[in-house]
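S.K.: Quick one: the structure is below, questions incoming.
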Amino acid sequence: MKHQETAQEIIKAVGGTNNINSVYHCVTRLRFDLKNNDKVDNGSLKKLDKVMGTNISGDQFQVIIGNDVSKVFDAMVKGNPAIQQTTENKDPKSDKKQNVVLKIFETIAGVFAPMLPAITAAGMLKGLLALFVSLGWMSAGTDTYRILSAIGDGVFHYLPLLIAVSAARKFGSNPFVAIALGTALMYPDMTALLSSGESVGFLGIPVTAVSYASSVIPILLAVWLMSYVEKWVDRVIPAALKLLLVPLITLLVMVPVTLIAIGPLGTFVGSGLSGGINWLLNEGGLIAGIVLGGAMALIIMTGMHYALVPIILSNIATLGFDKFLPLTFISNMGQAGATLGVFFRAKDKKLKTVALSTSFTALMGVTEPAMYGVNMKYKKPFAAAMIGSAVGGGFALAFGAKAYVLAGNGGLPGLPSLIGQTFWYSFVGMILAFVVGTIMSTIFGIKEEEGDAEALAQFSPGASSAPATTSSSDAASVNVDDMGAPTPTSNAVAVAPMTGKSIPLKEVNDPTFGDELMGKGVAFVPTVGELVSPVTGTIMNVFKTKHAIVVRSDNGMELLIHVGINTVKLRGQYFDAHVATGARVQAGDKLLTFELAEIAKEYDITTAMVVTNTADYKQVLPVKLGEITMGEDVLKAEI
């Protein structure tokens, strides 16, 4: 699917442009501020090839894309120009309440995320220059070095101008007026005046000497306040004079106010925040490394790491290094190692392939496929990743590991940002996180049969979740292959497990079932909240959340019955199981009862019944579609 088509489908799935307050993107995901998150069609999103998954942080709805996120975002903006004016699209009457701290974090993230390509490119170049000089490949005094240094240093020196543009877009003010505000603060004569050491005043009011080059907080606060001043002036100025007077009055108000109050305040706030964080990193040592390293994955998941970008940039500009950045590298290595552990422990070939490939992408600095696609899905690997990251983080901070530039990639390609006196401490911390994450994940293992249909979809159709042994009664009707899984020896028929309407499986609004990823079968729209066994056989698994059951017939057909879409989120509410794993059942025996009306208020109640070992049969076909009563023949599988 082309990026433009993907973008339009995503907009449609999140409720259309009228449901979008704002959207921006980071390295791997689209971040939406929606009027109503309940309007999102997750099923449609997950059907899209480019969508790896979704996540909610606070009230922010995130669509995980991966490496193509910028292309999808550009296509989204190009096809819908109104989306560019993100803050103008916001509903002023929205009654959505949000945690103030989260709101601040998301605002900072919204300002800095669009700037990251320029910042990271400059940071990477600075790291490479440091590497070339240390290896003797280039001299620091050559013209070539000075020109390349200008490319790397220029972005950071004039960082307030980049922030002015991005902040203006975020706060809904004129970006060119914001730039004019920034250039006034950084004008050479202004810089000379403030650094002269003499007292400076404006209309008799003292102006505090502050250096704005490479600063972050002052311009951010200034543009935020400017957005209110500009809008107020715009309301009171006649239309014929707006073009001239609105920017003029805005600048005449904001430049002095920034010099007199906001600049010193912003510098004080920035120094206080960075001082507090740096104190923790410097004095906390081993303990701080263990805590922050272990929690880094959670910090990244919530997007809180973006709120630290101003502090990181300030540290690099003023101190020449930052101690927080190495922890992001270490966390990524922990995720990569944990996923590699899944590769070692998994039995299913498809899962092993997914685990190995996502481990590699995490090594390269893109952790979402590993984190969301494998580690969080099976839980234990995610814990293993956090343990590995805690060990690596503790080692790194115990020895004072530092990053010297903001490279923007927390994987192996970003290593130049760590080059300096403490490089080996950072690198050993990364290795420790990877190795410990791998070992712990291998020790913990995974339960491949755990989870809802989305988790089971990682397995290829036909992968058995059954124990390797069979009872003597089973042995009379099935063969056992080399892996211990039963091989069907005859045709099989399943009866309807519920009363209602049977429909083709492809009509299920969930790609796991609708695209027959789990195998072929049939679906039902129930009218009665009762589920019975479709075959005579053995219960292989009753899910902890009681919304799904796996049963194997005596002649070897394996059936997964999944009640509703995404009902795993109910965590068993409204469901009652009447059998346990390992129980023998006859066709028609009661398996589950559920409160149909209550579940239908929140979820699609469509129930899928799939033959998970479809590959063992020549064909699997519905016998009857339409109105059906439990006990009627509904599905057949032919050898």
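In the structure tokens, each chain is lettered A, B, ... as it comes, each chain's residues begin at 1, and ligands are numbered from 1 in order of appearance.
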Give me every helix (DSSP H, G or I) residue in region 200-379 of chain A, going by DSSP on the backbone, as a ChimeraX atom specification.
M.R.: /A:217-236,239-302,304-318,325-345,349-363,368-378
S.K.: What is the CA of Met630 (chain A) to CA of Tyr617 (chain A) distance in Å?
M.R.: 24.3 Å
S.K.: Separation of CA of Ile219 (chain A) and CA of Pro188 (chain A), in Å?
M.R.: 17.0 Å
S.K.: Applying 9 Å and only C-alpha atoms, which residues near region 292-299 of chain A remain after dropping the ones on its own chain fewer than 3 positions away? List them as a count of residues only.
M.R.: 26
S.K.: Which of these, A:Ile446, A:Ile316, A:Val257, A:Leu406, has the shortest distance to Lys347 (chain A) once you count only C-alpha atoms?
M.R.: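 Using only C-alpha atoms, the shortest distance to Lys347 (chain A) belongs to A:Ile446.
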S.K.: Could you state the separation of CA of Asp41 (chain A) and CA of Val14 (chain A) in Å, given to one decimal place?
M.R.: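 CA of Asp41 (chain A) sits 6.2 Å away from CA of Val14 (chain A).
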S.K.: Applying 9 Å and only C-alpha atoms, which residues near Val233 (chain A) remain after dropping the ones on its own chain fewer than 6 positions away? List them as a PDB file with C-alpha atoms, in the first residue's frame.
M.R.:
```pdb
ATOM      1  CA  LYS A 242      -3.672  43.412  11.031  1.00  0.00           C
ATOM      2  CA  LEU A 245       0.266  46.100  13.451  1.00  0.00           C
ATOM      3  CA  VAL A 246      -0.208  42.560  14.809  1.00  0.00           C
ATOM      4  CA  PRO A 247       3.415  41.430  14.286  1.00  0.00           C
ATOM      5  CA  ILE A 249       2.938  45.157  18.502  1.00  0.00           C
ATOM      6  CA  THR A 250       3.655  41.507  19.294  1.00  0.00           C
TER       7      THR A 250
END
```
S.K.: Applying 9 Å and only C-alpha atoms, which residues near Ile599 (chain A) remain after dropping the ones on its own chain fewer than 5 positions away? List them as a ChimeraX atom specification.
M.R.: /A:564,567,570,573-574,594,604-605
S.K.: Find the residue from A:Lys71, A:Thr361, A:Ile65, A:Ala184 that sits nearest to Lys46 (chain A); use only C-alpha atoms when measuring.
M.R.: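 Closest to Lys46 (chain A), using only C-alpha atoms: A:Ile65.
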S.K.: Which of these residues is nearest to Leu161 (chain A), using only C-alpha atoms: A:Leu397, A:Leu221, A:Ala192, A:Val216?
M.R.: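 Among the listed residues, A:Val216 lies closest to Leu161 (chain A).
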S.K.: Can you tell me, as a list in words, what residues are no more than 9 Å from Asp74 (chain A) when counting only C-alpha atoms, ignoring any on the same chain fewer than 5 positions away?
M.R.: His3, Gln4, Ala7, Val69 and Gly79 of chain A
S.K.: Write out, as a PDB file, in the first residue's frame, the residues just selected, with N, CA, C and O atoms.
M.R.:
```pdb
ATOM      1  N   HIS A   3       2.151   5.118   0.630  1.00  0.00           N
ATOM      2  CA  HIS A   3       2.108   5.914   1.863  1.00  0.00           C
ATOM      3  C   HIS A   3       0.865   6.805   1.909  1.00  0.00           C
ATOM      4  O   HIS A   3       0.279   6.992   2.978  1.00  0.00           O
ATOM      5  N   GLN A   4       0.477   7.358   0.764  1.00  0.00           N
ATOM      6  CA  GLN A   4      -0.697   8.225   0.733  1.00  0.00           C
ATOM      7  C   GLN A   4      -1.950   7.447   1.117  1.00  0.00           C
ATOM      8  O   GLN A   4      -2.791   7.923   1.904  1.00  0.00           O
ATOM      9  N   ALA A   7      -1.855   6.706   4.820  1.00  0.00           N
ATOM     10  CA  ALA A   7      -2.168   7.905   5.598  1.00  0.00           C
ATOM     11  C   ALA A   7      -3.676   8.145   5.648  1.00  0.00           C
ATOM     12  O   ALA A   7      -4.233   8.443   6.718  1.00  0.00           O
ATOM     13  N   VAL A  69       7.698   6.146   9.231  1.00  0.00           N
ATOM     14  CA  VAL A  69       6.737   7.044   9.869  1.00  0.00           C
ATOM     15  C   VAL A  69       6.771   8.438   9.256  1.00  0.00           C
ATOM     16  O   VAL A  69       5.724   9.078   9.074  1.00  0.00           O
ATOM     17  N   GLY A  79      -1.912  15.355   2.013  1.00  0.00           N
ATOM     18  CA  GLY A  79      -3.274  15.066   1.579  1.00  0.00           C
ATOM     19  C   GLY A  79      -4.330  15.807   2.371  1.00  0.00           C
ATOM     20  O   GLY A  79      -5.481  15.910   1.938  1.00  0.00           O
TER      21      GLY A  79
END
```
S.K.: Mind checking which residues fall within 12 Å of Leu128 (chain A), counting only C-alpha atoms, ignoring those fewer than 2 positions away in the same chain, and posting them as a PyMOL selection string?
M.R.: chain A and resi 121-126+130-135+137-138+145+148-149+152+404-407+413-420
S.K.: Give me, as JSON lines, each residue of region 590-635 of chain A that comes within 9 Å of region 502-524 of chain A, together with its shortest interatomic pair and the distance in Å at one decimal, counting only C-alpha atoms, with rows ordered by chain and rising residue number.
M.R.:
```
{"residue": "A:Asp604", "atom": "CA", "partner": "A:Asn509", "partner_atom": "CA", "distance": 8.4}
{"residue": "A:Ile605", "atom": "CA", "partner": "A:Phe524", "partner_atom": "CA", "distance": 8.7}
{"residue": "A:Thr606", "atom": "CA", "partner": "A:Phe524", "partner_atom": "CA", "distance": 5.7}
{"residue": "A:Thr607", "atom": "CA", "partner": "A:Phe524", "partner_atom": "CA", "distance": 5.1}
{"residue": "A:Ala608", "atom": "CA", "partner": "A:Ala523", "partner_atom": "CA", "distance": 4.3}
{"residue": "A:Met609", "atom": "CA", "partner": "A:Val522", "partner_atom": "CA", "distance": 5.5}
{"residue": "A:Val610", "atom": "CA", "partner": "A:Gly521", "partner_atom": "CA", "distance": 4.2}
{"residue": "A:Val611", "atom": "CA", "partner": "A:Gly519", "partner_atom": "CA", "distance": 5.6}
{"residue": "A:Thr612", "atom": "CA", "partner": "A:Gly519", "partner_atom": "CA", "distance": 5.2}
{"residue": "A:Asn613", "atom": "CA", "partner": "A:Gly519", "partner_atom": "CA", "distance": 7.0}
{"residue": "A:Thr614", "atom": "CA", "partner": "A:Gly519", "partner_atom": "CA", "distance": 5.5}
{"residue": "A:Ala615", "atom": "CA", "partner": "A:Gly519", "partner_atom": "CA", "distance": 8.0}
{"residue": "A:Gln619", "atom": "CA", "partner": "A:Lys520", "partner_atom": "CA", "distance": 8.7}
{"residue": "A:Val620", "atom": "CA", "partner": "A:Lys520", "partner_atom": "CA", "distance": 6.2}
{"residue": "A:Leu621", "atom": "CA", "partner": "A:Gly521", "partner_atom": "CA", "distance": 6.8}
{"residue": "A:Pro622", "atom": "CA", "partner": "A:Val522", "partner_atom": "CA", "distance": 6.2}
{"residue": "A:Lys624", "atom": "CA", "partner": "A:Ser502", "partner_atom": "CA", "distance": 7.3}
{"residue": "A:Leu625", "atom": "CA", "partner": "A:Ser502", "partner_atom": "CA", "distance": 4.9}
{"residue": "A:Gly626", "atom": "CA", "partner": "A:Ser502", "partner_atom": "CA", "distance": 5.0}
{"residue": "A:Glu627", "atom": "CA", "partner": "A:Ser502", "partner_atom": "CA", "distance": 6.4}
{"residue": "A:Ile628", "atom": "CA", "partner": "A:Ser502", "partner_atom": "CA", "distance": 6.5}
{"residue": "A:Val634", "atom": "CA", "partner": "A:Val522", "partner_atom": "CA", "distance": 8.0}
{"residue": "A:Leu635", "atom": "CA", "partner": "A:Gly521", "partner_atom": "CA", "distance": 7.1}
```
